[in-house]
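Structure first, then comments.
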Amino acid sequence: MVDLVAFGIAASVVGSLVVLHFIKGTGWQSSPDISQDILERRAATVPETSFPEPMNRSIGGGGGAVAIGAGDGADGESGELEEAEPEEQSPADMPEDEVEYFEIEFAKEGTTIEMASNETILDQGEEEGMDLPYACRQGQCVSCSAKITDGAAEDNVVHFKQETLAEGEMDQGYTLTCVAYPIADFTIETGEAP
Ligand code: FES
């Protein structure tokens, strides 16, 4: 038979220990929150960029606006984002309802052709069966050079990505037909280079 006295003593000892345990506590303390510290150290390893970043590279989100020079400002930079140069629009991409047509007289060939403002002189001349000179077709040589006899080239054509002619040469009427889009009626002499 169970000794009720011994059982009672054992139960009271265990109960006392449990009560003491909770009164004194365990002495355990939670470690400090280091999550912010880790985030800042990770952010310091990410190189700065000149474009807005998505949320994943910023502390606290929305970090793109502090991409450049957002530190101490000691060098006089304001920390503003650099504006990207707007990309040059090709006349070839103009909407169909904005296309205009002009009379282009080819002096040496003795012919006049109506040309659209969204296609190069070289392309349209070839479509009309003309044998016009060219090489790169990218405005990087002078093989397709011609001279507009009605004034400055820029008053009569739009050059798209012309990299060869100097400003003074275009002022004299020289144009590169492979990258020139007409914007006026004019007379042109093919095979003329500055
Ligand atoms: S073909 Fe080379 S610049 Fe026109």
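Chain labels A, B, ... are given in the sequence in which chains occur in the structure tokens; within each chain residues are numbered consecutively from 1, and ligands are likewise numbered from 1 in the order shown.
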Protein and nucleic acid residues within 7 Å of ligand 1 (only C-alpha atoms and all ligand atoms) as an NGL selection string: :A and (134-145 or 176-179)
So the first atom is atom CA of Gly151 of chain A and the second is atom CA of Pro86 of chain A; what is the distance between them in Å, to one decimal place?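 Result for atom CA of Gly151 of chain A versus atom CA of Pro86 of chain A: 29.1 Å, one decimal.
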Which residues, written as a list of chain:residue names, have at least one atom at most 8 Å from segment 186-189 of chain A, with only C-alpha atoms counted and residues fewer than 2 positions away on the same chain left out?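 Here the answer would be A:Glu103, A:Ile104, A:Glu105, A:Phe106, A:Ala107, A:Lys108, A:Ala146, A:Lys147, A:Ile148, A:Thr149, A:Asp150, A:Asn156, A:Ala184, A:Gly191, A:Glu192.
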